[in-house]
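J.: What follows is model28.cif, made up of mmCIF, C-alpha atoms and all ligand atoms:
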data_model
#
loop_
_atom_site.label_atom_id
_atom_site.label_comp_id
_atom_site.auth_asym_id
_atom_site.auth_seq_id
_atom_site.Cartn_x
_atom_site.Cartn_y
_atom_site.Cartn_z
CA MET A 1 0.00 0.00 0.00
CA PRO A 2 1.46 3.30 -0.93
CA GLU A 3 2.51 5.13 2.21
CA LEU A 4 3.89 8.66 2.57
CA PRO A 5 7.02 8.29 0.37
CA GLU A 6 5.12 6.62 -2.47
CA VAL A 7 2.20 9.06 -2.56
CA GLU A 8 4.62 12.00 -2.22
CA THR A 9 6.65 10.66 -5.16
CA MET A 10 3.49 10.29 -7.28
CA VAL A 11 2.31 13.80 -6.36
CA ARG A 12 5.70 15.41 -7.08
CA GLY A 13 5.70 13.69 -10.46
CA ILE A 14 2.33 15.04 -11.57
CA ALA A 15 2.01 18.40 -9.76
CA PRO A 16 4.14 20.54 -12.12
CA ARG A 17 2.38 19.00 -15.12
CA LEU A 18 -1.13 19.67 -13.82
CA GLU A 19 -1.04 22.88 -11.80
CA GLY A 20 -2.57 25.81 -13.64
CA TYR A 21 -4.33 23.65 -16.22
CA GLN A 22 -8.06 23.62 -16.71
CA ILE A 23 -10.09 20.44 -16.97
CA ALA A 24 -12.03 20.69 -20.22
CA HIS A 25 -13.68 17.30 -19.97
CA ALA A 26 -13.93 14.60 -17.31
CA GLN A 27 -14.95 10.98 -17.75
CA LEU A 28 -15.54 8.61 -14.84
CA ARG A 29 -15.51 5.01 -16.03
CA LYS A 30 -16.11 3.28 -12.66
CA THR A 31 -18.22 4.58 -9.82
CA ASP A 32 -17.37 2.10 -7.04
CA VAL A 33 -14.37 4.21 -6.01
CA LEU A 34 -16.52 7.23 -5.14
CA ARG A 35 -16.97 8.33 -1.51
CA GLN A 36 -19.19 11.19 -0.40
CA VAL A 37 -19.82 12.25 -3.98
CA THR A 38 -22.00 11.16 -6.88
CA LYS A 39 -20.71 10.70 -10.39
CA SER A 40 -22.71 13.65 -11.71
CA ARG A 41 -21.52 16.03 -8.99
CA LEU A 42 -17.88 15.00 -9.47
CA ILE A 43 -18.05 15.51 -13.25
CA LYS A 44 -19.91 18.79 -12.90
CA THR A 45 -17.36 20.08 -10.40
CA LEU A 46 -14.31 18.98 -12.40
CA GLU A 47 -15.36 20.27 -15.82
CA GLY A 48 -14.33 23.89 -16.32
CA ASN A 49 -12.40 23.94 -13.03
CA THR A 50 -8.67 24.63 -12.91
CA ILE A 51 -6.27 22.44 -10.93
CA GLU A 52 -4.52 25.03 -8.78
CA GLN A 53 -2.38 22.80 -6.60
CA VAL A 54 -1.61 19.12 -6.14
CA THR A 55 -0.31 18.14 -2.71
CA ARG A 56 -0.18 15.17 -0.37
CA ARG A 57 -1.79 14.80 3.05
CA ALA A 58 -1.12 11.51 4.86
CA LYS A 59 -1.61 8.87 2.11
CA HIS A 60 -3.95 11.02 0.00
CA ALA A 61 -3.26 13.03 -3.14
CA VAL A 62 -5.16 16.31 -2.83
CA PHE A 63 -6.19 18.25 -5.94
CA ARG A 64 -7.18 21.79 -5.01
CA LEU A 65 -9.46 23.27 -7.63
CA SER A 66 -10.02 26.96 -8.36
CA SER A 67 -13.54 26.64 -6.92
CA GLY A 68 -12.00 25.76 -3.54
CA ASP A 69 -13.18 22.15 -3.76
CA ARG A 70 -10.70 19.35 -3.19
CA MET A 71 -10.69 16.10 -5.13
CA ILE A 72 -8.96 13.62 -2.85
CA ILE A 73 -7.61 10.37 -4.23
CA GLN A 74 -6.21 7.64 -2.02
CA PRO A 75 -4.50 5.27 -4.46
CA ARG A 76 -4.20 2.36 -1.99
CA MET A 77 -2.81 -0.92 -3.39
CA THR A 78 -3.09 -0.66 -7.16
CA GLY A 79 -3.89 2.97 -7.99
CA SER A 80 -1.61 5.12 -10.13
CA PHE A 81 -1.55 8.52 -11.83
CA LEU A 82 -0.56 8.91 -15.46
CA ILE A 83 -0.42 11.79 -17.92
CA TYR A 84 -0.73 11.21 -21.67
CA ASN A 85 -0.03 13.70 -24.42
CA ASN A 86 -2.52 12.11 -26.79
CA PRO A 87 -5.93 10.43 -26.64
CA LEU A 88 -5.67 7.03 -24.97
CA THR A 89 -5.34 3.85 -26.98
CA THR A 90 -7.61 0.92 -26.13
CA ALA A 91 -4.78 -0.73 -24.19
CA GLN A 92 -4.12 2.46 -22.22
CA THR A 93 -7.82 2.78 -21.38
CA LYS A 94 -7.79 -0.54 -19.54
CA TYR A 95 -8.25 -0.14 -15.76
CA THR A 96 -8.72 3.61 -16.05
CA VAL A 97 -11.14 5.02 -13.51
CA LEU A 98 -10.99 8.75 -14.18
CA ILE A 99 -9.83 10.52 -17.34
CA CYS A 100 -9.51 14.31 -17.25
CA THR A 101 -8.84 15.99 -20.58
CA LEU A 102 -6.91 19.20 -19.94
CA ASN A 103 -7.32 22.39 -21.93
CA ASP A 104 -4.07 21.69 -23.81
CA GLY A 105 -5.31 18.27 -24.93
CA ARG A 106 -3.30 16.14 -22.49
CA ARG A 107 -5.05 13.48 -20.43
CA PHE A 108 -4.65 13.09 -16.70
CA VAL A 109 -5.63 9.55 -15.72
CA TYR A 110 -6.31 7.81 -12.44
CA ARG A 111 -5.87 4.11 -13.09
CA ASP A 112 -6.67 1.43 -10.53
CA VAL A 113 -6.45 -2.26 -11.37
CA ARG A 114 -8.31 -3.64 -8.34
CA ARG A 115 -10.12 -0.40 -7.48
CA LEU A 116 -9.31 -0.48 -3.77
CA GLY A 117 -8.54 3.24 -4.01
CA THR A 118 -11.07 5.98 -3.39
CA ILE A 119 -12.07 9.35 -4.85
CA TRP A 120 -13.64 11.97 -2.62
CA LEU A 121 -14.83 15.49 -3.24
CA LEU A 122 -14.90 17.95 -0.35
CA ASP A 123 -15.54 21.67 -0.28
CA GLU A 124 -13.09 23.97 1.50
CA THR A 125 -14.78 23.64 4.91
CA GLY A 126 -15.16 19.88 4.60
CA TRP A 127 -11.50 19.52 3.69
CA ILE A 128 -10.28 21.64 6.60
CA ALA A 129 -12.39 19.58 9.02
CA TYR A 130 -11.16 16.31 7.53
CA SER A 131 -7.51 17.35 7.54
CA ALA A 132 -7.77 18.51 11.17
CA ARG A 133 -8.61 14.93 12.19
CA ILE A 134 -5.35 13.59 10.71
CA GLY A 135 -2.15 13.65 12.75
CA PRO A 136 0.94 15.76 12.03
CA GLU A 137 3.00 15.34 8.86
CA PRO A 138 6.30 13.68 9.86
CA LEU A 139 8.40 15.45 7.21
CA GLU A 140 7.30 18.95 8.19
CA GLU A 141 9.68 21.08 10.24
CA THR A 142 7.08 21.52 12.97
CA PHE A 143 7.15 17.76 13.64
CA THR A 144 9.46 17.70 16.63
CA PRO A 145 10.10 14.86 19.11
CA PHE A 146 7.95 16.83 21.55
CA VAL A 147 4.98 17.01 19.13
CA PHE A 148 5.39 13.29 18.44
CA ALA A 149 5.53 12.26 22.11
CA ASN A 150 2.54 14.48 22.87
CA ARG A 151 0.45 12.82 20.16
CA LEU A 152 1.27 9.32 21.33
CA LYS A 153 1.83 9.38 25.06
CA GLY A 154 -1.82 8.85 26.08
CA THR A 155 -2.22 5.55 24.22
CA ARG A 156 -1.85 2.09 25.70
CA THR A 157 -1.85 0.19 22.42
CA ALA A 158 1.22 -1.43 20.91
CA VAL A 159 3.60 1.24 19.65
CA LYS A 160 3.45 -0.20 16.13
CA LYS A 161 -0.32 0.30 16.03
CA ALA A 162 0.00 3.78 17.49
CA ILE A 163 2.39 5.07 14.82
CA MET A 164 0.21 3.61 12.04
CA ASP A 165 -2.90 5.33 13.43
CA GLN A 166 -3.48 8.20 10.97
CA ARG A 167 -5.20 10.29 13.66
CA ARG A 168 -1.94 10.32 15.63
CA LEU A 169 0.62 10.44 12.84
CA ALA A 170 0.12 10.95 9.10
CA GLY A 171 1.46 8.74 6.34
CA VAL A 172 3.11 5.80 8.12
CA GLY A 173 1.86 2.32 7.17
CA ASN A 174 3.04 -1.21 7.75
CA ILE A 175 6.33 -1.12 5.83
CA TYR A 176 7.78 2.03 7.39
CA ALA A 177 6.42 1.23 10.86
CA ASN A 178 8.37 -2.05 10.80
CA GLU A 179 11.51 -0.34 9.52
CA ALA A 180 11.39 2.61 11.95
CA LEU A 181 10.87 0.35 14.98
CA PHE A 182 13.87 -1.74 13.96
CA ASP A 183 16.03 1.36 13.46
CA ALA A 184 14.90 2.70 16.85
CA ARG A 185 15.61 -0.71 18.48
CA LEU A 186 12.10 -0.91 19.93
CA ASN A 187 9.92 -4.01 20.19
CA PRO A 188 6.78 -3.31 18.09
CA ALA A 189 4.53 -4.80 20.78
CA ARG A 190 5.67 -2.40 23.52
CA SER A 191 2.84 -0.43 25.17
CA THR A 192 3.13 3.11 23.87
CA HIS A 193 2.55 4.79 27.22
CA LYS A 194 5.53 2.93 28.70
CA LEU A 195 8.05 4.45 26.31
CA SER A 196 10.53 6.84 27.88
CA LEU A 197 11.13 10.30 26.43
CA GLU A 198 14.47 9.08 25.14
CA GLU A 199 12.71 6.21 23.33
CA PHE A 200 10.14 8.58 21.82
CA ALA A 201 13.01 10.76 20.57
CA ARG A 202 14.77 7.71 19.08
CA LEU A 203 11.58 6.57 17.34
CA HIS A 204 10.88 10.08 16.08
CA ALA A 205 14.34 10.25 14.52
CA ALA A 206 13.98 6.77 13.00
CA ILE A 207 10.58 7.59 11.43
CA VAL A 208 11.83 10.84 9.89
CA ASP A 209 15.00 9.15 8.66
CA VAL A 210 13.34 6.13 7.04
CA LEU A 211 10.70 8.28 5.33
CA GLN A 212 13.35 10.65 3.97
CA ARG A 213 15.50 7.81 2.70
CA ALA A 214 12.48 6.10 1.12
CA LEU A 215 11.43 9.34 -0.54
CA ALA A 216 14.96 9.80 -1.92
CA ALA A 217 14.66 6.29 -3.39
CA SER A 218 11.23 7.11 -4.94
CA GLY A 219 9.48 4.74 -2.51
CA THR A 220 9.14 0.98 -2.20
CA THR A 221 7.83 -1.17 -5.04
CA LEU A 222 6.79 -4.60 -3.82
CA ARG A 223 4.18 -5.20 -6.51
CA ASP A 224 2.12 -2.55 -8.20
CA TYR A 225 3.39 0.83 -7.09
CA ARG A 226 4.97 2.94 -9.85
CA THR A 227 6.07 6.57 -10.01
CA ALA A 228 4.21 9.03 -12.27
CA THR A 229 6.70 8.15 -15.02
CA GLY A 230 6.04 4.42 -14.71
CA GLU A 231 9.22 3.51 -12.87
CA ARG A 232 9.63 1.31 -9.81
CA GLY A 233 10.74 2.72 -6.49
CA GLU A 234 14.06 1.46 -5.17
CA PHE A 235 13.67 1.38 -1.41
CA GLN A 236 12.71 -2.33 -1.43
CA PHE A 237 16.46 -3.01 -1.73
CA GLU A 238 17.10 -1.15 1.53
CA LEU A 239 14.44 -2.78 3.72
CA ARG A 240 16.01 -4.26 6.85
CA VAL A 241 13.09 -6.15 8.38
CA TYR A 242 9.88 -5.83 6.37
CA GLY A 243 9.26 -9.04 4.41
CA ARG A 244 12.41 -10.66 5.84
CA GLY A 245 10.91 -12.97 8.46
CA GLY A 246 13.26 -15.94 9.05
CA GLU A 247 16.23 -14.14 7.51
CA LYS A 248 19.21 -12.99 9.55
CA CYS A 249 19.16 -9.66 11.38
CA VAL A 250 21.53 -7.22 9.68
CA ASN A 251 22.78 -6.12 13.11
CA CYS A 252 23.25 -9.30 15.13
CA GLY A 253 22.70 -12.24 12.78
CA LYS A 254 19.85 -13.74 14.81
CA ARG A 255 16.84 -14.92 12.77
CA LEU A 256 14.14 -12.26 12.44
CA ARG A 257 10.76 -13.19 13.81
CA MET A 258 7.54 -12.59 11.85
CA THR A 259 4.20 -12.42 13.62
CA HIS A 260 0.62 -11.37 12.88
CA GLU A 261 -0.22 -11.05 16.57
CA ILE A 262 0.05 -7.29 17.00
CA ASP A 263 -2.37 -5.99 14.40
CA ARG A 264 -3.00 -9.02 12.15
CA ARG A 265 -0.58 -7.55 9.64
CA GLN A 266 2.99 -8.71 9.09
CA THR A 267 5.30 -7.54 11.83
CA THR A 268 8.95 -8.54 11.50
CA PHE A 269 11.47 -7.75 14.20
CA CYS A 270 14.62 -8.92 15.95
CA ARG A 271 14.04 -10.21 19.48
CA LYS A 272 17.62 -9.44 20.42
CA CYS A 273 17.99 -5.92 18.98
CA GLN A 274 14.45 -4.66 19.65
CA ARG A 275 13.54 -4.51 23.32
ZN ZN B 301 19.29 -8.27 15.73
#
What would you get if you wrote out this structure as structure tokens?

T.:
Amino acid sequence: MPELPEVETMVRGIAPRLEGYQIAHAQLRKTDVLRQVTKSRLIKTLEGNTIEQVTRRAKHAVFRLSSGDRMIIQPRMTGSFLIYNNPLTTAQTKYTVLICTLNDGRRFVYRDVRRLGTIWLLDETGWIAYSARIGPEPLEETFTPFVFANRLKGTRTAVKKAIMDQRRLAGVGNIYANEALFDARLNPARSTHKLSLEEFARLHAAIVDVLQRALAASGTTLRDYRTATGERGEFQFELRVYGRGGEKCVNCGKRLRMTHEIDRRQTTFCRKCQR
């Protein structure tokens, strides 16, 4: 599932090619991805509107339109963004969900093979309210160890679950939670409220570091994720624990343990290095 580095990479790839362009025509080919909006309202809002800004919030791509409305796309497992200079061929049309024809004739496409992704439309007020319910962005300067500890300290759940909770922290999913906890030498099952300030600071640093390194590598491609230019990310070659259950720990050589006990998702960790 695309997490912060992957969605950020996708957004950075398309933003300069979309911002300032008007949507002349919009075609929605599948409606099961829609949330809080009907097909007719989405089309009516998009057509004639200008894409003013494309940004990321948590794992969402946010398209701010000149009307103040936001089209929010969460690409989830198999969603991707593509831009074509010419009308789409039949092969290119396959799996497309949304096709926006821009005023210069190019096509902006949201493609989603399994359609686990979602498209929302919120007005300015709705967007501000929604965004306020999401936790801080870990790559913003205002995200300090103090802000992080404050957001998490009240929770008794396993620390891995706490850092993946989008209301407490934006953008971290299963891959980067596993990696950050390994780098911070913390057992993923630890109760969050029992972490010391020093451990919060270590985890904060590990989260920021792994997200920055993953972003520099254009994200992690395990299966479907591609950048806006169709390339694979490269961070999968730098993963230290995720997907490596049974392999040797890069620090101590002990076999990494994989469990589904914490949150039913894959958690891989080293029992010796992570306490
Ligand atoms: Zn180890």

J.: Check which residues fall inside 9 Å of ligand ZN 301 (chain B) when counting all atoms listed in the file, and print them as a PyMOL selection string.

T.: chain A and resi 182+185+248-256+269-274

J.: Extract, using only C-alpha atoms, all DNA, RNA and protein residues at most 10 Å from Arg223 (chain A), discarding same-chain residues fewer than 6 positions from it, and format them as a list in words.

T.: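 Near Arg223 (chain A), the qualifying residues are Met1, Met77, Thr78 and Arg232 of chain A.
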
J.: Which residues come within 12 Å of Gly171 (chain A), counting all atoms listed in the file, excluding same-chain residues fewer than 3 positions away, as a count of residues only?

T.: 36

J.: To one decimal in Å, tell me the separation between CA of Thr38 (chain A) and CA of Ile119 (chain A).

T.: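 The value is 10.3 Å.
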
J.: Provide the CA of Arg257 (chain A) to CA of Val241 (chain A) distance in Å, to one decimal place.

T.: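 That distance, rounded to one decimal, is 9.2 Å.
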
J.: Would you please work out which residue, of A:Arg265, A:Arg240, A:Lys44, A:Arg226, is nearest to Met10 (chain A) when using only C-alpha atoms?

T.: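 Of A:Arg265, A:Arg240, A:Lys44, A:Arg226, the one nearest Met10 (chain A), counting only C-alpha atoms, is A:Arg226.
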
J.: If we count all atoms listed in the file, what is near Gly79 (chain A) at a cut-off of 10 Å, once residues fewer than 5 positions away on the same chain are taken out, given as a PyMOL selection string?

T.: chain A and resi 1-2+73-74+95-97+110-118+224-226

J.: Nearest to Gly173 (chain A) among A:Ala216, A:Gly13, A:Lys161, A:Tyr130, with distances taken over all atoms listed in the file: which residue is it?

T.: A:Lys161

J.: Report, in Å with one decimal, the straight-line distance from CA of Phe108 (chain A) to CA of Asn86 (chain A).

T.: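 Atom-to-atom, CA of Phe108 (chain A) to CA of Asn86 (chain A), that is 10.4 Å.
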
J.: Please identify all polymer residues within 6 Å of region 19-25 of chain A, counting all atoms listed in the file, omitting same-chain residues fewer than 4 positions from it, and present them as a ChimeraX atom specification.

T.: /A:15,47-53,100-103

J.: Using all atoms listed in the file, which residue out of A:Ala26, A:Leu46, A:Leu98, A:Leu121 lies closest to Ile72 (chain A)?

T.: A:Leu121

J.: Which one of A:Ala91, A:Leu181, A:Arg244, A:Val172 sits closest to Ala214 (chain A) if you count all atoms listed in the file?

T.: A:Val172

J.: Kindly indicate which residue among A:Thr45, A:Arg264, A:Thr259, A:Val210 lies nearest to Glu238 (chain A), using only C-alpha atoms for the distances.

T.: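 Between A:Thr45, A:Arg264, A:Thr259, A:Val210, the residue approaching Glu238 (chain A) most closely is A:Val210.
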
J.: Counting all atoms listed in the file, which of A:Arg106, A:Glu198, A:Asp123, A:Ser40 gets nearest to Ser67 (chain A)?

T.: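 Residue with the minimum atom-to-atom distance to Ser67 (chain A): A:Asp123.
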
J.: Write out as a PDB file with C-alpha atoms, in the frame of the given file each polymer residue whose atoms come within 6 Å of Arg156 (chain A), counting only C-alpha atoms; drop sequence neighbours fewer than 3 positions from it.

T.:
ATOM      1  CA  SER A 191       2.840  -0.430  25.170  1.00  0.00           C
ATOM      2  CA  THR A 192       3.130   3.110  23.870  1.00  0.00           C
ATOM      3  CA  HIS A 193       2.550   4.790  27.220  1.00  0.00           C
TER       4      HIS A 193
END
